[in-house]
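Here is the structure we will look at, set down as structure tokens.
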Amino acid sequence: MILTVVSGWRGLLAVAGLSLTVEGLYYLIRYLKRFRERRPQVLFFPAPVTCVRPLLLSSPGHCSCSLSHRESALSCLTRLLLSARRSLDVCVFTISSVELSNSVLAVHGRGVRVRVITDSDYMALAGSQVGAFRRAGIEVRHDQDANYMHHKFAVIDGLILITGSLNWSAQGIFGNKENVIIIKNTDVVKAFIEEFERLWNEYDPSKYSFSPKS
């Protein structure tokens, strides 16, 4: 009788130990997965000239153009912008890349809230995509002083930060030595969200002075 009870307890302890081991492994795997997902990703430019048009289609498609369709820093950045589901806040010095502007327009077309902040001098240059944004109904705000609005960052869904040296231009993407870092750290993302909101409020058109005193 005693041996039976002892054997029963050993069996229960073995089952409990196995259960705890399995549960521990489950949480370890979840932690490692989250850690891997939150690890910063770095993209380096210039990128090879590649076609990202199939990524912009509402359903997977094919493009028969002669450009390469292989993965590149540009296609990674395009795919990331297109991943926005709730909001996309863009704060960049200059926006003339057709590929990246088409990504922003596609996100806006899906009903995602898109806001853009840019530099007043460079938004008026040939090739700027600001006009296309405004025609599509995207609100764009800009600085109103002699200094440059020189930021280059975007925040996706309040969760993912894209930042680095890259100007959103063809020269920046295909010519210059540039970098982009993708960060999911909550504290870092929060700091950039606060900076975007501060500038968005500062550059409110209702606060502009169109005839400043000398």
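Each chain in the structure tokens gets a letter, A, B, ..., in the order shown, and its residues are numbered from 1; ligands are numbered from 1 in order too.
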
### Task
Would you list, as a PyMOL selection string, the residues of range 23-180 of chain A that end up in strand (DSSP E) under DSSP run on this structure's backbone?
chain A and resi 41-45+87-92+113-118+139-142+152-156+160-164+178-180

### Message
What's around Gln41 in chain A at 8 Å? Count only C-alpha atoms, leave out sequence neighbours fewer than 6 positions away in its own chain, and write the answer as a PyMOL selection string.
### Response
chain A and resi 181-183

Counting only C-alpha atoms, which residues of range 153-176 of chain A fall within 10 Å of range 108-118 of chain A, and what is the closest atom pair for each with its distance in Å at one decimal, ordered by chain and rising number, as a Markdown table?
| residue | atom | partner | partner_atom | distance |
| --- | --- | --- | --- | --- |
| A:Phe153 | CA | A:Ile117 | CA | 9.9 |
| A:Ala154 | CA | A:Val116 | CA | 9.0 |
| A:Ile156 | CA | A:Val114 | CA | 9.6 |
| A:Asp157 | CA | A:Val112 | CA | 9.3 |

Resulting file, chosen residues, all heavy atoms, as a PDB file, in the first residue's frame:
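Now in again14.pdb:
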ATOM      1  N   PHE A 153      12.498  60.341 -40.932  1.00  0.00           N
ATOM      2  CA  PHE A 153      11.952  59.191 -40.221  1.00  0.00           C
ATOM      3  C   PHE A 153      10.479  59.007 -40.553  1.00  0.00           C
ATOM      4  O   PHE A 153       9.807  59.903 -41.059  1.00  0.00           O
ATOM      5  CB  PHE A 153      12.166  59.322 -38.701  1.00  0.00           C
ATOM      6  CG  PHE A 153      11.317  60.349 -37.998  1.00  0.00           C
ATOM      7  CD1 PHE A 153      10.041  60.026 -37.534  1.00  0.00           C
ATOM      8  CD2 PHE A 153      11.783  61.643 -37.772  1.00  0.00           C
ATOM      9  CE1 PHE A 153       9.266  60.961 -36.862  1.00  0.00           C
ATOM     10  CE2 PHE A 153      11.018  62.581 -37.103  1.00  0.00           C
ATOM     11  CZ  PHE A 153       9.750  62.249 -36.640  1.00  0.00           C
ATOM     12  N   ALA A 154       9.992  57.824 -40.262  1.00  0.00           N
ATOM     13  CA  ALA A 154       8.576  57.505 -40.419  1.00  0.00           C
ATOM     14  C   ALA A 154       8.194  56.533 -39.305  1.00  0.00           C
ATOM     15  O   ALA A 154       9.022  55.737 -38.850  1.00  0.00           O
ATOM     16  CB  ALA A 154       8.296  56.885 -41.786  1.00  0.00           C
ATOM     17  N   ILE A 156       5.250  53.676 -38.283  1.00  0.00           N
ATOM     18  CA  ILE A 156       4.165  52.832 -38.796  1.00  0.00           C
ATOM     19  C   ILE A 156       3.337  52.303 -37.633  1.00  0.00           C
ATOM     20  O   ILE A 156       3.872  51.663 -36.718  1.00  0.00           O
ATOM     21  CB  ILE A 156       4.736  51.649 -39.599  1.00  0.00           C
ATOM     22  CG1 ILE A 156       5.506  52.160 -40.825  1.00  0.00           C
ATOM     23  CG2 ILE A 156       3.619  50.699 -40.031  1.00  0.00           C
ATOM     24  CD1 ILE A 156       6.246  51.062 -41.564  1.00  0.00           C
ATOM     25  N   ASP A 157       2.045  52.603 -37.661  1.00  0.00           N
ATOM     26  CA  ASP A 157       1.083  52.089 -36.670  1.00  0.00           C
ATOM     27  C   ASP A 157       1.478  52.406 -35.231  1.00  0.00           C
ATOM     28  O   ASP A 157       1.031  51.717 -34.301  1.00  0.00           O
ATOM     29  CB  ASP A 157       0.912  50.568 -36.834  1.00  0.00           C
ATOM     30  CG  ASP A 157       0.254  50.196 -38.153  1.00  0.00           C
ATOM     31  OD1 ASP A 157      -0.449  51.054 -38.724  1.00  0.00           O
ATOM     32  OD2 ASP A 157       0.449  49.072 -38.634  1.00  0.00           O
TER      33      ASP A 157
END

Residue set, range 14-188 of chain A restricted to helix (DSSP H, G or I), as a short mmCIF file (atom, residue, chain, number, x, y, z; two decimals) with N, CA, C and O atoms, in the first residue's frame:
data_model
loop_
_atom_site.label_atom_id
_atom_site.label_comp_id
_atom_site.auth_asym_id
_atom_site.auth_seq_id
_atom_site.Cartn_x
_atom_site.Cartn_y
_atom_site.Cartn_z
N ALA A 14 6.34 13.53 -11.67
CA ALA A 14 6.92 13.43 -13.02
C ALA A 14 6.06 14.17 -14.03
O ALA A 14 6.56 14.90 -14.89
N VAL A 15 4.74 13.96 -13.93
CA VAL A 15 3.82 14.65 -14.85
C VAL A 15 3.88 16.16 -14.65
O VAL A 15 3.92 16.92 -15.61
N ALA A 16 3.91 16.59 -13.35
CA ALA A 16 3.98 18.02 -13.07
C ALA A 16 5.28 18.61 -13.59
O ALA A 16 5.31 19.70 -14.17
N GLY A 17 6.37 17.87 -13.39
CA GLY A 17 7.66 18.35 -13.88
C GLY A 17 7.69 18.48 -15.39
O GLY A 17 8.19 19.45 -15.95
N LEU A 18 7.12 17.48 -16.07
CA LEU A 18 7.05 17.52 -17.53
C LEU A 18 6.20 18.69 -18.00
O LEU A 18 6.54 19.39 -18.95
N SER A 19 5.08 18.91 -17.29
CA SER A 19 4.18 20.02 -17.64
C SER A 19 4.90 21.35 -17.51
O SER A 19 4.79 22.23 -18.38
N LEU A 20 5.64 21.51 -16.40
CA LEU A 20 6.37 22.77 -16.19
C LEU A 20 7.46 22.94 -17.23
O LEU A 20 7.72 24.06 -17.69
N THR A 21 8.10 21.84 -17.60
CA THR A 21 9.15 21.91 -18.62
C THR A 21 8.58 22.35 -19.96
O THR A 21 9.13 23.22 -20.64
N VAL A 22 7.46 21.74 -20.34
CA VAL A 22 6.81 22.10 -21.61
C VAL A 22 6.37 23.56 -21.60
O VAL A 22 6.56 24.30 -22.56
N GLU A 23 5.77 23.98 -20.45
CA GLU A 23 5.31 25.36 -20.34
C GLU A 23 6.49 26.32 -20.40
O GLU A 23 6.43 27.37 -21.05
N GLY A 24 7.59 25.93 -19.72
CA GLY A 24 8.78 26.78 -19.74
C GLY A 24 9.35 26.92 -21.14
O GLY A 24 9.74 28.02 -21.56
N LEU A 25 9.37 25.83 -21.88
CA LEU A 25 9.85 25.87 -23.26
C LEU A 25 8.96 26.75 -24.13
O LEU A 25 9.43 27.49 -24.99
N TYR A 26 7.65 26.66 -23.89
CA TYR A 26 6.69 27.46 -24.66
C TYR A 26 6.97 28.95 -24.47
O TYR A 26 7.05 29.71 -25.45
N TYR A 27 7.15 29.37 -23.19
CA TYR A 27 7.40 30.78 -22.93
C TYR A 27 8.78 31.21 -23.41
O TYR A 27 8.96 32.35 -23.85
N LEU A 28 9.75 30.29 -23.35
CA LEU A 28 11.09 30.62 -23.86
C LEU A 28 11.04 30.85 -25.37
O LEU A 28 11.64 31.81 -25.88
N ILE A 29 10.32 29.98 -26.07
CA ILE A 29 10.20 30.13 -27.53
C ILE A 29 9.49 31.44 -27.86
O ILE A 29 9.89 32.16 -28.78
N ARG A 30 8.42 31.76 -27.11
CA ARG A 30 7.71 33.02 -27.34
C ARG A 30 8.63 34.22 -27.11
O ARG A 30 8.62 35.18 -27.88
N TYR A 31 9.42 34.16 -26.04
CA TYR A 31 10.34 35.26 -25.73
C TYR A 31 11.38 35.43 -26.82
O TYR A 31 11.65 36.55 -27.27
N LEU A 32 11.96 34.31 -27.27
CA LEU A 32 12.98 34.38 -28.31
C LEU A 32 12.41 34.90 -29.62
O LEU A 32 13.05 35.67 -30.34
N LYS A 33 11.16 34.51 -29.91
CA LYS A 33 10.51 34.99 -31.13
C LYS A 33 10.29 36.49 -31.07
O LYS A 33 10.57 37.22 -32.02
N ARG A 34 9.77 36.97 -29.91
CA ARG A 34 9.54 38.40 -29.74
C ARG A 34 10.85 39.16 -29.78
O ARG A 34 10.93 40.25 -30.34
N PHE A 35 11.90 38.59 -29.17
CA PHE A 35 13.21 39.25 -29.18
C PHE A 35 13.73 39.37 -30.61
O PHE A 35 14.25 40.42 -31.01
N ARG A 36 13.57 38.30 -31.39
CA ARG A 36 14.04 38.31 -32.76
C ARG A 36 13.25 39.33 -33.58
O ARG A 36 13.80 40.05 -34.41
N GLU A 37 11.93 39.39 -33.36
CA GLU A 37 11.09 40.33 -34.11
C GLU A 37 11.42 41.78 -33.76
O GLU A 37 11.29 42.67 -34.61
N ARG A 38 11.83 42.04 -32.51
CA ARG A 38 12.10 43.40 -32.07
C ARG A 38 13.56 43.82 -32.30
O ARG A 38 13.93 44.95 -32.01
N ARG A 53 6.89 47.41 -58.43
CA ARG A 53 5.49 47.57 -58.83
C ARG A 53 4.59 46.41 -58.36
O ARG A 53 3.46 46.65 -57.90
N PRO A 54 5.04 45.15 -58.45
CA PRO A 54 4.15 44.06 -57.99
C PRO A 54 3.76 44.17 -56.52
O PRO A 54 2.68 43.72 -56.13
N LEU A 55 4.60 44.80 -55.70
CA LEU A 55 4.29 44.95 -54.28
C LEU A 55 3.13 45.91 -54.06
O LEU A 55 2.45 45.84 -53.02
N LEU A 56 2.89 46.80 -55.01
CA LEU A 56 1.86 47.81 -54.86
C LEU A 56 0.47 47.32 -55.25
O LEU A 56 -0.52 48.00 -55.00
N ALA A 73 17.26 46.55 -50.79
CA ALA A 73 16.93 47.46 -49.69
C ALA A 73 15.68 48.26 -50.02
O ALA A 73 14.85 48.53 -49.15
N LEU A 74 15.49 48.61 -51.28
CA LEU A 74 14.30 49.36 -51.70
C LEU A 74 13.05 48.52 -51.54
O LEU A 74 12.02 49.00 -51.02
N SER A 75 13.08 47.27 -51.97
CA SER A 75 11.88 46.43 -51.85
C SER A 75 11.55 46.15 -50.39
O SER A 75 10.38 46.10 -50.01
N CYS A 76 12.58 46.01 -49.54
CA CYS A 76 12.34 45.81 -48.11
C CYS A 76 11.66 47.04 -47.50
O CYS A 76 10.71 46.91 -46.72
N LEU A 77 12.16 48.23 -47.87
CA LEU A 77 11.58 49.46 -47.34
C LEU A 77 10.16 49.66 -47.87
O LEU A 77 9.25 50.06 -47.12
N THR A 78 9.94 49.35 -49.13
CA THR A 78 8.60 49.46 -49.73
C THR A 78 7.62 48.53 -49.03
O THR A 78 6.51 48.94 -48.66
N ARG A 79 8.03 47.28 -48.83
CA ARG A 79 7.15 46.30 -48.19
C ARG A 79 6.81 46.74 -46.76
O ARG A 79 5.67 46.56 -46.30
N LEU A 80 7.78 47.34 -46.07
CA LEU A 80 7.55 47.79 -44.70
C LEU A 80 6.53 48.92 -44.67
O LEU A 80 5.62 48.93 -43.84
N LEU A 81 6.66 49.90 -45.57
CA LEU A 81 5.69 51.00 -45.63
C LEU A 81 4.29 50.47 -45.93
O LEU A 81 3.31 50.91 -45.34
N LEU A 82 4.22 49.50 -46.83
CA LEU A 82 2.92 48.94 -47.21
C LEU A 82 2.29 48.11 -46.10
O LEU A 82 1.11 47.78 -46.17
N VAL A 98 9.60 58.19 -56.62
CA VAL A 98 8.29 57.74 -57.10
C VAL A 98 7.91 56.42 -56.43
O VAL A 98 6.75 56.21 -56.06
N GLU A 99 8.91 55.55 -56.24
CA GLU A 99 8.63 54.24 -55.63
C GLU A 99 8.09 54.40 -54.21
O GLU A 99 7.08 53.79 -53.85
N LEU A 100 8.75 55.22 -53.40
CA LEU A 100 8.31 55.38 -52.01
C LEU A 100 7.02 56.20 -51.93
O LEU A 100 6.16 55.91 -51.10
N SER A 101 6.87 57.20 -52.79
CA SER A 101 5.64 57.99 -52.76
C SER A 101 4.45 57.14 -53.19
O SER A 101 3.35 57.28 -52.65
N ASN A 102 4.65 56.23 -54.15
CA ASN A 102 3.57 55.34 -54.55
C ASN A 102 3.16 54.42 -53.41
O ASN A 102 1.98 54.06 -53.26
N SER A 103 4.12 54.05 -52.57
CA SER A 103 3.81 53.22 -51.40
C SER A 103 2.95 54.01 -50.43
O SER A 103 1.96 53.49 -49.89
N VAL A 104 3.30 55.27 -50.20
CA VAL A 104 2.52 56.13 -49.31
C VAL A 104 1.12 56.32 -49.85
O VAL A 104 0.13 56.24 -49.11
N LEU A 105 1.00 56.56 -51.15
CA LEU A 105 -0.32 56.74 -51.78
C LEU A 105 -1.15 55.47 -51.69
O LEU A 105 -2.37 55.53 -51.47
N ALA A 106 -0.50 54.33 -51.86
CA ALA A 106 -1.23 53.05 -51.78
C ALA A 106 -1.78 52.82 -50.38
O ALA A 106 -2.91 52.37 -50.20
N VAL A 107 -0.98 53.15 -49.37
CA VAL A 107 -1.42 53.00 -47.98
C VAL A 107 -2.61 53.93 -47.72
O VAL A 107 -3.61 53.53 -47.11
N HIS A 108 -2.50 55.18 -48.18
CA HIS A 108 -3.60 56.14 -48.01
C HIS A 108 -4.86 55.64 -48.72
O HIS A 108 -5.98 55.78 -48.19
N GLY A 109 -4.69 55.04 -49.88
CA GLY A 109 -5.82 54.53 -50.64
C GLY A 109 -6.56 53.40 -49.95
O GLY A 109 -7.73 53.15 -50.25
N TYR A 122 12.45 72.31 -50.10
CA TYR A 122 12.63 71.16 -50.98
C TYR A 122 11.32 70.59 -51.49
O TYR A 122 11.30 69.85 -52.47
N MET A 123 10.20 70.91 -50.85
CA MET A 123 8.94 70.38 -51.33
C MET A 123 8.51 71.07 -52.63
O MET A 123 7.64 70.56 -53.34
N ALA A 124 9.13 72.21 -52.94
CA ALA A 124 8.77 72.95 -54.15
C ALA A 124 9.67 72.63 -55.34
O ALA A 124 9.44 73.13 -56.44
N VAL A 130 5.06 65.99 -53.18
CA VAL A 130 4.11 66.62 -52.26
C VAL A 130 2.80 66.97 -52.95
O VAL A 130 1.71 66.80 -52.40
N GLY A 131 2.89 67.47 -54.19
CA GLY A 131 1.68 67.80 -54.94
C GLY A 131 0.79 66.58 -55.14
O GLY A 131 -0.44 66.66 -54.99
N ALA A 132 1.40 65.44 -55.45
CA ALA A 132 0.63 64.21 -55.63
C ALA A 132 -0.05 63.79 -54.33
O ALA A 132 -1.20 63.33 -54.33
N PHE A 133 0.66 63.99 -53.22
CA PHE A 133 0.06 63.66 -51.93
C PHE A 133 -1.16 64.52 -51.66
O PHE A 133 -2.22 64.03 -51.26
N ARG A 134 -1.02 65.82 -51.88
CA ARG A 134 -2.11 66.74 -51.58
C ARG A 134 -3.30 66.49 -52.50
O ARG A 134 -4.46 66.57 -52.08
N ARG A 135 -3.05 66.18 -53.76
CA ARG A 135 -4.15 65.89 -54.68
C ARG A 135 -4.90 64.63 -54.26
O ARG A 135 -6.10 64.51 -54.50
N ALA A 170 15.50 59.57 -55.49
CA ALA A 170 16.16 58.59 -56.36
C ALA A 170 17.67 58.61 -56.13
O ALA A 170 18.32 57.56 -56.11
N GLN A 171 18.24 59.80 -55.93
CA GLN A 171 19.67 59.91 -55.68
C GLN A 171 20.04 59.20 -54.38
O GLN A 171 21.05 58.50 -54.30
N GLY A 172 19.21 59.40 -53.35
CA GLY A 172 19.49 58.75 -52.08
C GLY A 172 19.39 57.24 -52.17
O GLY A 172 20.21 56.52 -51.59
N ILE A 173 18.39 56.74 -52.90
CA ILE A 173 18.14 55.30 -52.98
C ILE A 173 19.11 54.59 -53.91
O ILE A 173 19.64 53.52 -53.56
N PHE A 174 19.36 55.17 -55.08
CA PHE A 174 20.14 54.47 -56.10
C PHE A 174 21.57 54.98 -56.26
O PHE A 174 22.37 54.35 -56.96
N THR A 186 10.00 50.17 -27.82
CA THR A 186 8.87 51.02 -27.42
C THR A 186 9.30 52.43 -27.02
O THR A 186 8.69 53.42 -27.44
N ASP A 187 10.36 52.54 -26.22
CA ASP A 187 10.80 53.86 -25.75
C ASP A 187 11.32 54.73 -26.89
O ASP A 187 11.05 55.93 -26.94
N VAL A 188 12.08 54.12 -27.79
CA VAL A 188 12.63 54.88 -28.92
C VAL A 188 11.51 55.34 -29.85
O VAL A 188 11.46 56.50 -30.27
#

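Among the candidate residues A:Asn201, A:Asp89, A:Tyr208, A:Ser165, the one lying nearest to Asp145 in chain A is A:Tyr208, with distances computed using only C-alpha atoms.
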
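A straight line drawn from CA of Pro46 in chain A to CA of Gly164 in chain A is 13.3 Å long.
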
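The closest residue to Ser97 in chain A, picked from A:Tyr203, A:Gln129, A:Val155, A:Ser169 and counting only C-alpha atoms, is A:Ser169.
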
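Of the residues listed (A:Val180, A:Leu43, A:Val140, A:Ala191), A:Val140 shows the shortest atom-to-atom separation from Asp204 in chain A; distances use only C-alpha atoms.
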